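Listing of coords-v6.cif, mmCIF, C-alpha atoms
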data_structure
#
loop_
_atom_site.label_atom_id
_atom_site.label_comp_id
_atom_site.auth_asym_id
_atom_site.auth_seq_id
_atom_site.Cartn_x
_atom_site.Cartn_y
_atom_site.Cartn_z
CA MET A 14 -3.50 -76.63 -46.08
CA SER A 15 -5.45 -78.31 -43.29
CA ALA A 16 -8.86 -79.91 -43.82
CA ALA A 17 -10.44 -77.13 -41.73
CA GLU A 18 -8.82 -74.43 -43.87
CA ALA A 19 -9.87 -76.17 -47.07
CA ALA A 20 -13.47 -76.32 -45.85
CA LYS A 21 -13.68 -72.58 -45.22
CA PRO A 22 -15.84 -70.80 -47.79
CA HIS A 23 -14.27 -68.26 -50.11
CA TRP A 24 -16.07 -64.96 -50.07
CA ARG A 25 -15.61 -61.98 -52.38
CA SER A 26 -14.03 -58.89 -50.90
CA PHE A 27 -15.72 -55.56 -51.55
CA ASP A 28 -13.15 -54.74 -54.23
CA GLU A 29 -13.90 -58.02 -56.02
CA LEU A 30 -17.62 -57.39 -56.41
CA PRO A 31 -18.63 -56.79 -60.05
CA ARG A 32 -19.46 -53.28 -61.28
CA VAL A 33 -22.16 -52.48 -63.82
CA PHE A 34 -20.75 -49.49 -65.72
CA GLY A 35 -17.24 -50.76 -66.41
CA ALA A 36 -14.01 -49.56 -64.84
CA PRO A 37 -14.10 -46.42 -62.66
CA VAL A 38 -13.24 -43.27 -64.62
CA ALA A 39 -11.12 -41.49 -61.99
CA THR A 40 -8.93 -41.88 -58.92
CA GLY A 41 -8.71 -39.72 -55.82
CA ILE A 42 -8.41 -39.48 -52.05
CA LEU A 43 -11.45 -39.74 -49.79
CA ARG A 44 -11.47 -38.67 -46.14
CA ALA A 45 -8.16 -36.86 -46.13
CA ARG A 46 -9.97 -34.93 -43.38
CA PRO A 47 -13.20 -35.76 -41.49
CA GLU A 48 -14.96 -32.79 -43.12
CA ASP A 49 -14.42 -34.42 -46.54
CA PHE A 50 -17.22 -36.88 -45.69
CA VAL A 51 -20.37 -35.08 -44.56
CA VAL A 52 -23.58 -36.99 -43.84
CA ASP A 53 -26.89 -35.64 -42.55
CA GLU A 54 -29.52 -37.98 -41.17
CA GLU A 55 -33.19 -37.45 -42.00
CA LEU A 56 -35.77 -38.91 -39.61
CA ALA A 57 -38.92 -40.58 -40.92
CA PHE A 58 -41.04 -38.49 -38.50
CA GLY A 59 -41.01 -35.24 -36.54
CA PRO A 60 -40.62 -34.75 -32.76
CA ASP A 61 -43.82 -35.14 -30.70
CA GLY A 62 -43.10 -32.08 -28.60
CA GLU A 63 -43.95 -33.90 -25.36
CA GLY A 64 -43.16 -37.16 -23.59
CA GLU A 65 -40.57 -38.81 -21.35
CA HIS A 66 -37.84 -38.95 -24.01
CA CYS A 67 -35.67 -36.18 -25.35
CA LEU A 68 -34.75 -36.16 -29.05
CA LEU A 69 -31.33 -34.67 -29.70
CA ARG A 70 -30.04 -33.66 -33.12
CA ILE A 71 -26.26 -33.54 -32.81
CA ARG A 72 -23.26 -32.93 -35.02
CA LYS A 73 -20.24 -35.12 -34.34
CA THR A 74 -16.78 -35.01 -35.86
CA ALA A 75 -14.39 -37.99 -35.98
CA ALA A 76 -16.43 -39.93 -33.41
CA ASN A 77 -18.35 -43.19 -33.66
CA THR A 78 -22.03 -43.44 -32.79
CA ASP A 79 -21.67 -45.83 -29.85
CA TRP A 80 -19.11 -43.56 -28.16
CA VAL A 81 -21.41 -40.55 -28.59
CA ALA A 82 -24.29 -42.56 -27.07
CA ARG A 83 -22.13 -43.30 -24.02
CA ARG A 84 -21.23 -39.62 -23.60
CA ILE A 85 -24.88 -38.56 -23.88
CA ALA A 86 -25.85 -41.15 -21.25
CA HIS A 87 -23.11 -39.85 -18.93
CA VAL A 88 -24.22 -36.22 -19.23
CA ALA A 89 -27.88 -37.17 -18.79
CA GLY A 90 -27.12 -39.42 -15.80
CA VAL A 91 -28.89 -42.43 -17.32
CA PRO A 92 -27.73 -45.95 -18.29
CA GLN A 93 -26.60 -46.34 -21.88
CA LYS A 94 -29.61 -48.54 -22.70
CA ALA A 95 -31.77 -45.45 -22.14
CA VAL A 96 -30.18 -43.85 -25.21
CA GLY A 97 -31.45 -44.75 -28.68
CA TYR A 98 -30.38 -43.91 -32.23
CA ALA A 99 -31.67 -44.71 -35.67
CA GLY A 100 -28.45 -45.63 -37.44
CA LEU A 101 -24.68 -45.93 -37.20
CA LYS A 102 -22.60 -43.19 -38.77
CA ASP A 103 -18.99 -43.29 -39.94
CA ARG A 104 -16.35 -42.25 -37.46
CA HIS A 105 -14.12 -40.53 -40.00
CA ALA A 106 -16.74 -37.99 -40.98
CA VAL A 107 -18.76 -34.98 -39.93
CA ALA A 108 -22.16 -36.48 -39.21
CA THR A 109 -25.44 -34.96 -38.12
CA GLN A 110 -27.69 -37.53 -36.49
CA TRP A 111 -30.50 -38.00 -33.97
CA PHE A 112 -30.43 -39.63 -30.53
CA SER A 113 -33.17 -40.18 -27.97
CA VAL A 114 -32.70 -40.15 -24.18
CA HIS A 115 -35.25 -41.51 -21.73
CA MET A 116 -35.41 -38.74 -19.14
CA GLY A 117 -38.74 -39.57 -17.49
CA PRO A 118 -40.20 -36.59 -15.61
CA ARG A 119 -36.74 -35.20 -14.79
CA ALA A 120 -35.49 -31.90 -16.17
CA GLU A 121 -32.99 -32.09 -19.00
CA PRO A 122 -29.32 -31.47 -18.19
CA GLY A 123 -27.20 -28.77 -19.75
CA TRP A 124 -26.56 -30.36 -23.13
CA SER A 125 -23.79 -27.81 -23.76
CA ASP A 126 -21.63 -30.01 -21.47
CA LEU A 127 -21.23 -32.31 -24.49
CA GLU A 128 -19.29 -29.61 -26.36
CA ALA A 129 -16.15 -30.54 -24.42
CA ASP A 130 -16.33 -33.92 -26.20
CA GLY A 131 -16.70 -32.31 -29.62
CA ILE A 132 -20.45 -33.04 -29.73
CA GLU A 133 -22.61 -30.10 -30.77
CA VAL A 134 -26.32 -30.24 -29.89
CA LEU A 135 -28.22 -28.54 -32.71
CA GLU A 136 -31.79 -29.23 -31.52
CA HIS A 137 -33.55 -30.89 -28.60
CA HIS A 138 -37.24 -31.74 -28.32
CA ARG A 139 -39.46 -33.83 -26.09
CA HIS A 140 -40.73 -37.07 -27.60
CA ARG A 141 -42.97 -39.98 -26.58
CA ARG A 142 -40.90 -42.94 -27.80
CA LYS A 143 -37.37 -44.24 -27.85
CA LEU A 144 -35.62 -43.84 -31.20
CA ARG A 145 -35.30 -47.26 -32.82
CA ARG A 146 -32.80 -48.54 -35.36
CA GLY A 147 -33.93 -47.97 -38.93
CA ALA A 148 -36.38 -45.15 -38.14
CA LEU A 149 -34.88 -43.04 -40.92
CA ALA A 150 -36.12 -41.55 -44.16
CA GLY A 151 -32.55 -41.57 -45.45
CA ASN A 152 -29.23 -39.74 -45.42
CA ARG A 153 -27.82 -36.82 -47.41
CA PHE A 154 -24.13 -36.83 -48.33
CA VAL A 155 -21.48 -34.42 -49.55
CA LEU A 156 -18.16 -36.08 -50.38
CA ARG A 157 -15.05 -34.09 -51.19
CA LEU A 158 -12.53 -36.04 -53.27
CA ARG A 159 -8.99 -34.67 -53.36
CA ASP A 160 -6.07 -35.23 -55.76
CA VAL A 161 -8.55 -36.36 -58.38
CA VAL A 162 -7.11 -37.70 -61.63
CA GLY A 163 -9.63 -38.24 -64.42
CA ASP A 164 -11.65 -36.47 -67.07
CA PHE A 165 -14.36 -34.38 -65.40
CA ASP A 166 -16.76 -34.73 -68.36
CA ALA A 167 -16.41 -38.52 -68.20
CA MET A 168 -17.15 -38.36 -64.46
CA CYS A 169 -20.28 -36.30 -65.09
CA GLU A 170 -21.42 -38.77 -67.73
CA ARG A 171 -20.91 -41.68 -65.33
CA VAL A 172 -22.83 -39.87 -62.57
CA GLY A 173 -25.69 -39.39 -65.02
CA LEU A 174 -25.81 -43.12 -65.80
CA MET A 175 -25.71 -44.01 -62.12
CA GLY A 176 -28.59 -41.65 -61.42
CA GLU A 177 -30.69 -43.02 -64.27
CA GLN A 178 -30.05 -46.75 -63.84
CA GLY A 179 -29.12 -47.18 -60.18
CA VAL A 180 -26.20 -49.19 -58.80
CA PRO A 181 -25.94 -52.54 -56.97
CA ASN A 182 -27.08 -52.15 -53.37
CA TYR A 183 -24.02 -53.87 -51.87
CA PHE A 184 -23.28 -53.68 -48.17
CA GLY A 185 -20.17 -51.52 -47.76
CA PRO A 186 -16.80 -52.62 -46.36
CA GLN A 187 -17.36 -50.94 -42.98
CA ARG A 188 -19.92 -53.66 -42.31
CA PHE A 189 -17.19 -56.30 -42.28
CA GLY A 190 -14.61 -54.74 -39.98
CA ARG A 191 -10.93 -54.04 -40.41
CA ASP A 192 -9.36 -56.72 -42.66
CA GLU A 193 -12.81 -58.38 -42.75
CA SER A 194 -12.37 -59.42 -39.12
CA ASN A 195 -16.14 -59.64 -38.56
CA LEU A 196 -16.39 -62.27 -41.31
CA HIS A 197 -13.45 -64.28 -39.99
CA ASN A 198 -14.94 -64.23 -36.50
CA ALA A 199 -18.37 -65.17 -37.82
CA ASP A 200 -16.89 -68.11 -39.71
CA ALA A 201 -15.11 -69.28 -36.56
CA LEU A 202 -18.29 -68.85 -34.53
CA PHE A 203 -20.28 -70.95 -36.98
CA ARG A 204 -17.65 -73.69 -36.65
CA HIS A 205 -18.67 -74.24 -33.00
CA GLY A 206 -16.57 -71.37 -31.69
CA ALA A 207 -13.30 -73.25 -32.09
CA GLU A 208 -11.37 -70.17 -33.15
CA ALA A 209 -13.66 -67.45 -31.88
CA PRO A 210 -12.24 -64.96 -29.36
CA PRO A 211 -13.06 -66.13 -25.81
CA ARG A 212 -15.82 -64.43 -23.85
CA ALA A 213 -17.04 -62.46 -26.89
CA SER A 214 -19.89 -60.18 -25.87
CA ARG A 215 -23.41 -60.53 -27.17
CA HIS A 216 -22.91 -57.22 -29.00
CA LEU A 217 -19.82 -58.50 -30.81
CA LYS A 218 -21.50 -61.75 -31.78
CA GLY A 219 -24.38 -59.73 -33.15
CA LEU A 220 -21.97 -57.75 -35.32
CA TRP A 221 -20.45 -60.98 -36.66
CA LEU A 222 -23.84 -62.50 -37.49
CA SER A 223 -24.93 -59.32 -39.23
CA ALA A 224 -21.68 -59.20 -41.22
CA ALA A 225 -22.07 -62.80 -42.39
CA ARG A 226 -25.64 -62.22 -43.51
CA SER A 227 -24.59 -59.04 -45.31
CA GLN A 228 -21.79 -60.87 -47.11
CA LEU A 229 -24.19 -63.58 -48.29
CA PHE A 230 -26.47 -60.87 -49.68
CA ASN A 231 -23.48 -59.43 -51.55
CA GLU A 232 -22.64 -62.88 -52.93
CA VAL A 233 -26.15 -63.33 -54.35
CA LEU A 234 -26.23 -59.80 -55.76
CA ALA A 235 -22.80 -60.26 -57.34
CA LEU A 236 -24.08 -63.36 -59.18
CA ARG A 237 -27.14 -61.48 -60.37
CA VAL A 238 -24.98 -58.57 -61.60
CA GLU A 239 -22.78 -61.00 -63.52
CA ARG A 240 -25.89 -62.56 -65.06
CA GLY A 241 -27.23 -59.12 -65.99
CA ASP A 242 -30.70 -59.68 -64.47
CA TRP A 243 -30.37 -57.85 -61.16
CA ARG A 244 -32.36 -54.81 -62.31
CA GLY A 245 -35.08 -56.25 -64.50
CA GLY A 246 -36.03 -59.24 -62.41
CA LEU A 247 -36.97 -62.84 -63.17
CA SER A 248 -40.03 -65.00 -62.68
CA GLY A 249 -39.98 -66.31 -59.10
CA GLU A 250 -38.65 -62.99 -57.75
CA ARG A 251 -39.66 -61.42 -54.44
CA LEU A 252 -40.61 -57.85 -55.33
CA GLN A 253 -40.60 -55.08 -52.74
CA LEU A 254 -42.63 -51.91 -52.97
CA ARG A 255 -40.23 -48.98 -52.96
CA GLY A 256 -40.16 -47.25 -49.59
CA SER A 257 -41.67 -50.20 -47.72
CA HIS A 258 -40.47 -53.50 -46.27
CA SER A 259 -43.36 -55.55 -47.66
CA HIS A 260 -42.69 -57.91 -50.56
CA PHE A 261 -44.54 -60.51 -52.56
CA LEU A 262 -43.77 -63.45 -54.84
CA ALA A 263 -44.02 -62.75 -58.57
CA GLU A 264 -44.33 -66.24 -59.98
CA THR A 265 -44.40 -64.72 -63.46
CA LEU A 266 -43.46 -61.25 -64.69
CA ASP A 267 -46.12 -59.73 -66.92
CA ASP A 268 -45.84 -56.43 -68.76
CA ALA A 269 -47.44 -54.49 -65.89
CA LEU A 270 -44.98 -55.79 -63.29
CA SER A 271 -42.02 -55.29 -65.63
CA ALA A 272 -43.08 -51.67 -66.19
CA ARG A 273 -43.31 -51.07 -62.44
CA ILE A 274 -39.85 -52.59 -61.96
CA ALA A 275 -38.42 -50.38 -64.73
CA SER A 276 -39.93 -47.29 -63.09
CA GLY A 277 -38.43 -48.22 -59.69
CA ASP A 278 -41.85 -48.60 -58.06
CA LEU A 279 -41.11 -52.31 -57.48
CA GLN A 280 -37.65 -53.58 -56.62
CA PRO A 281 -36.27 -57.12 -57.06
CA THR A 282 -34.72 -58.32 -53.81
CA ALA A 283 -32.01 -60.69 -52.60
CA PRO A 284 -32.04 -62.66 -49.34
CA LEU A 285 -30.92 -61.80 -45.87
CA TYR A 286 -30.65 -65.46 -44.88
CA GLY A 287 -32.21 -66.82 -41.72
CA ALA A 288 -34.51 -69.56 -40.46
CA GLY A 289 -37.10 -71.08 -42.73
CA PRO A 290 -37.36 -71.78 -46.45
CA LEU A 291 -36.39 -69.27 -49.12
CA PRO A 292 -39.53 -67.40 -50.22
CA THR A 293 -38.54 -67.27 -53.90
CA ALA A 294 -39.32 -69.72 -56.72
CA GLY A 295 -37.88 -71.12 -59.93
CA GLU A 296 -34.53 -69.85 -61.18
CA VAL A 297 -34.27 -67.22 -58.44
CA ALA A 298 -34.66 -69.86 -55.74
CA ASP A 299 -32.00 -72.01 -57.45
CA ILE A 300 -29.51 -69.12 -57.42
CA GLU A 301 -30.15 -68.35 -53.75
CA ALA A 302 -30.05 -72.02 -52.74
CA GLY A 303 -26.72 -72.38 -54.55
CA VAL A 304 -25.14 -69.62 -52.48
CA ALA A 305 -26.63 -71.13 -49.32
CA SER A 306 -25.09 -74.49 -50.22
CA ALA A 307 -21.64 -72.95 -50.76
CA PHE A 308 -21.88 -71.30 -47.32
CA ARG A 309 -23.74 -74.07 -45.52
CA HIS A 310 -22.07 -73.44 -42.13
CA TRP A 311 -23.09 -69.80 -42.33
CA THR A 312 -26.71 -70.26 -43.34
CA THR A 313 -27.16 -72.99 -40.72
CA GLY A 314 -25.55 -70.80 -38.07
CA LEU A 315 -27.75 -67.83 -38.98
CA ALA A 316 -30.88 -69.97 -38.77
CA ASP A 317 -29.78 -71.47 -35.44
CA SER A 318 -29.18 -67.95 -34.07
CA GLY A 319 -32.88 -67.19 -34.51
CA MET A 320 -32.60 -64.76 -37.43
CA ALA A 321 -35.62 -64.81 -39.73
CA GLN A 322 -35.57 -64.77 -43.52
CA GLU A 323 -35.68 -61.16 -44.73
CA ARG A 324 -35.22 -59.37 -48.05
CA ARG A 325 -33.28 -56.32 -49.26
CA PRO A 326 -33.57 -54.50 -52.61
CA MET A 327 -30.80 -55.28 -55.11
CA ARG A 328 -30.95 -51.84 -56.72
CA LEU A 329 -29.79 -48.65 -55.01
CA ASP A 330 -31.17 -45.39 -56.38
CA ALA A 331 -29.54 -42.11 -55.36
CA GLU A 332 -31.51 -38.88 -55.39
CA ALA A 333 -30.39 -35.28 -55.92
CA MET A 334 -27.11 -36.57 -57.35
CA SER A 335 -24.69 -33.97 -58.74
CA LEU A 336 -20.99 -33.39 -59.27
CA GLU A 337 -19.08 -30.13 -59.10
CA ARG A 338 -15.45 -29.10 -59.37
CA PRO A 339 -14.63 -26.31 -56.88
CA CYS A 340 -10.98 -26.21 -57.97
CA ASP A 341 -8.45 -28.22 -59.94
CA GLY A 342 -7.86 -31.65 -58.44
CA GLU A 343 -11.01 -31.64 -56.29
CA VAL A 344 -14.62 -32.66 -56.86
CA LEU A 345 -17.71 -32.54 -54.66
CA LEU A 346 -20.26 -35.33 -55.01
CA HIS A 347 -23.76 -34.61 -53.64
CA PHE A 348 -26.47 -37.26 -53.25
CA ALA A 349 -29.15 -38.69 -50.96
CA LEU A 350 -29.60 -42.39 -50.17
CA PRO A 351 -32.33 -44.42 -48.49
CA ALA A 352 -31.69 -45.72 -44.98
CA GLY A 353 -29.47 -48.79 -44.73
CA SER A 354 -27.50 -48.16 -47.93
CA TYR A 355 -23.83 -47.29 -48.33
CA ALA A 356 -22.19 -44.29 -49.97
CA THR A 357 -19.16 -46.45 -50.80
CA SER A 358 -21.35 -48.76 -52.92
CA LEU A 359 -22.30 -45.73 -55.02
CA LEU A 360 -18.81 -44.24 -55.19
CA ARG A 361 -17.15 -47.48 -56.38
CA GLU A 362 -19.01 -47.20 -59.71
CA LEU A 363 -17.44 -43.78 -60.29
CA MET A 364 -13.84 -43.95 -59.07
CA HIS A 365 -11.06 -45.72 -57.24
CA TRP A 366 -10.11 -43.99 -53.99
CA SER A 367 -7.66 -44.26 -51.16
CA GLY A 368 -8.00 -43.05 -47.61
#

Can the structure in the file be given as structure tokens, please?
Amino acid sequence: MSAAEAAKPHWRSFDELPRVFGAPVATGILRARPEDFVVDEELAFGPDGEGEHCLLRIRKTAANTDWVARRIAHVAGVPQKAVGYAGLKDRHAVATQWFSVHMGPRAEPGWSDLEADGIEVLEHHRHRRKLRRGALAGNRFVLRLRDVVGDFDAMCERVGLMGEQGVPNYFGPQRFGRDESNLHNADALFRHGAEAPPRASRHLKGLWLSAARSQLFNEVLALRVERGDWRGGLSGERLQLRGSHSHFLAETLDDALSARIASGDLQPTAPLYGAGPLPTAGEVADIEAGVASAFRHWTTGLADSGMAQERRPMRLDAEAMSLERPCDGEVLLHFALPAGSYATSLLRELMHWSG
């Protein structure tokens, strides 16, 4: 092994991340067909009804978000940068999501032209602003698992625990690319680009930076899960008000704060590393600084890229979660998640899957 290889940090794959409820209680196949993974996007606001932008609610099947944005731009006769969307949706799925198109004073085109590309326009409204990333209330999911092997009562019991106690808010494997290529490219980029693909676009480099930061979050959360204090919090924690991005330092945890954490009103967070000092204190700061030290090239590279220190909740709470068995060997899992979270991080606490 070369010195360069020996110096590379070891990161945990998604499958290696610790679970909180023990081993999964079933196995099955996910995404045997695109319609087995259905996701519906919910905006955080309603259309204005007037303005220079057009809001489109579309249904796409087996298509990625960026490709759909390009097709919308082509039909509208505008550059791709005139098209906005609030979040990325899985390609191997049936996804309903919103896009905005800056049309100016021009009349809208015939949106039915998109049907030839398998893109169905469900609604279109005038709007004043471009749709920005993250402008979501959340996403609703229906997953169909096929060839399921496992006791259905045990699955229902596990779903109940997950709904009551939440699950670790890990970033899902799609964040890291096929065979974790985004992480390998990020690592090479942080090592002065020695092994990075030549002439990588700004977009690709952004994906690599985001993947590295997401992996570091997973590393911190994994340590907290192993310690058993990821849900209840510690003194020195940054606590985030549920449903907001604001957070504050809790130098000590009194009974009132602990009760609000237990209710889910306040959420302990882990870092999205960037420039500047860690905003935590005490034992929490020691844990986060330890991960930063183990991935020094990464945290330095993220800071040098201009990313700021941010926080993300460690606990993921699903809403409207239920399980049904339409026929032998199949189950349907229904749930809703806040924006930015991953269905696969929920599903991994219930079952092993292929596909």

Using all atoms listed in the file, the shortest atom-to-atom distance to A:Arg70 among A:Val155, A:Leu144, A:Ala213, A:Leu135 belongs to A:Leu135

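In this comparison, which uses all atoms listed in the file, the residue of A:Glu133, A:His66, A:Glu301, A:Phe154 approaching A:Asp49 most closely is A:Phe154.
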
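Against the coordinates shown, the PyMOL selection byres ((chain A and resi 344-358) around 6) returns A:Leu149, A:Gly151, A:Asn152, A:Arg153, A:Phe154, A:Val155, A:Leu156, A:Arg157, A:Leu158, A:Tyr183, A:Gly185, A:Ala331, A:Glu332, A:Ala333, A:Met334, A:Ser335, A:Leu336, A:Glu337, A:Arg338, A:Glu343, A:Leu359, A:Leu360, A:Arg361.
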
query = Where does the PyMOL selection byres ((chain A and resi 270) around 12) land in this file, that is, which residues does it pick, as an MDAnalysis selection string?
reply = chainID A and resid 245:248 250:254 261:269 271:281

Atom CA of A:Pro118 sits from atom CA of A:Glu54 at a separation of 27.7 Å

List the residues selected by the PyMOL selection byres ((chain A and resi 318) around 12) in the file shown, writing them as an NGL selection string.
:A and (199 or 202-203 or 215 or 218-219 or 221-223 or 226 or 286-288 or 311-317 or 319-322)

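Proximity ranking of A:Lys21, A:Arg84, A:Pro31, A:Gly368 relative to A:His105 places A:Gly368 first, based on only C-alpha atoms.
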
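Residue nearest A:Asn182 within the list A:Ala99, A:Leu234, A:Ala108, A:Ile85: A:Leu234 [criterion: smallest interatomic distance, all atoms listed in the file].
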
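Atom CA of A:Val238 to atom CA of A:Thr293 spans 17.9 Å [interatomic distance, one decimal].
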
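In this comparison, which uses all atoms listed in the file, the residue of A:Ala45, A:Leu217, A:Leu229, A:Ala283 approaching A:Ala75 most closely is A:Ala45.
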
| task | Just the residues within 6 Å of A:Val96, please, counting all atoms listed in the file, with nothing from its chain fewer than 2 positions along; format it as a VMD selection string. | result | chain A and resid 93 to 94 113 to 114

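Reported to one decimal place, the separation of atom CA of A:Ala106 from atom CA of A:Phe50 is 4.9 Å.
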
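Of the residues under consideration (A:Gly303, A:Gly90, A:Gly256, A:Gly41), A:Gly41 shows the shortest atom-to-atom contact distance to A:Val162 when counting only C-alpha atoms.
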
Taking 4 positions as the minimum chain separation for residues in the same chain, which residues sit within 12 Å of A:Ala39 when counting all atoms listed in the file? Answer as a PyMOL selection string. chain A and resi 35+158-169+171-172+342-344+360-367

Find the spatial neighbours of stretch 120-131 of chain A, counting only C-alpha atoms, within a cut-off of 12 Å - ignore same-chain residues fewer than 2 positions away - and output them as JSON, numbers by chain.
{"A": [64, 65, 66, 67, 68, 69, 70, 71, 72, 73, 74, 75, 76, 77, 80, 81, 82, 83, 84, 85, 86, 87, 88, 89, 90, 91, 107, 108, 114, 115, 116, 117, 118, 133, 134, 135, 136, 137, 138, 139]}

Box for stretch 269-275 of chain A: with edges along x, y and z, all listed atoms inside and 8 Å added on each side, what are the centre and edge lengths in Å to one decimal, as AutoDock Vina command-line options?
--center_x -42.9 --center_y -53.1 --center_z -64.1 --size_x 25.0 --size_y 21.4 --size_z 20.2

Polymer residues at most 7 Å from stretch 192-198 of chain A, only C-alpha atoms, same-chain spacing of 2 or more positions, as an NGL selection string: :A and (189-190 or 200-202 or 209 or 220-221 or 224-225)
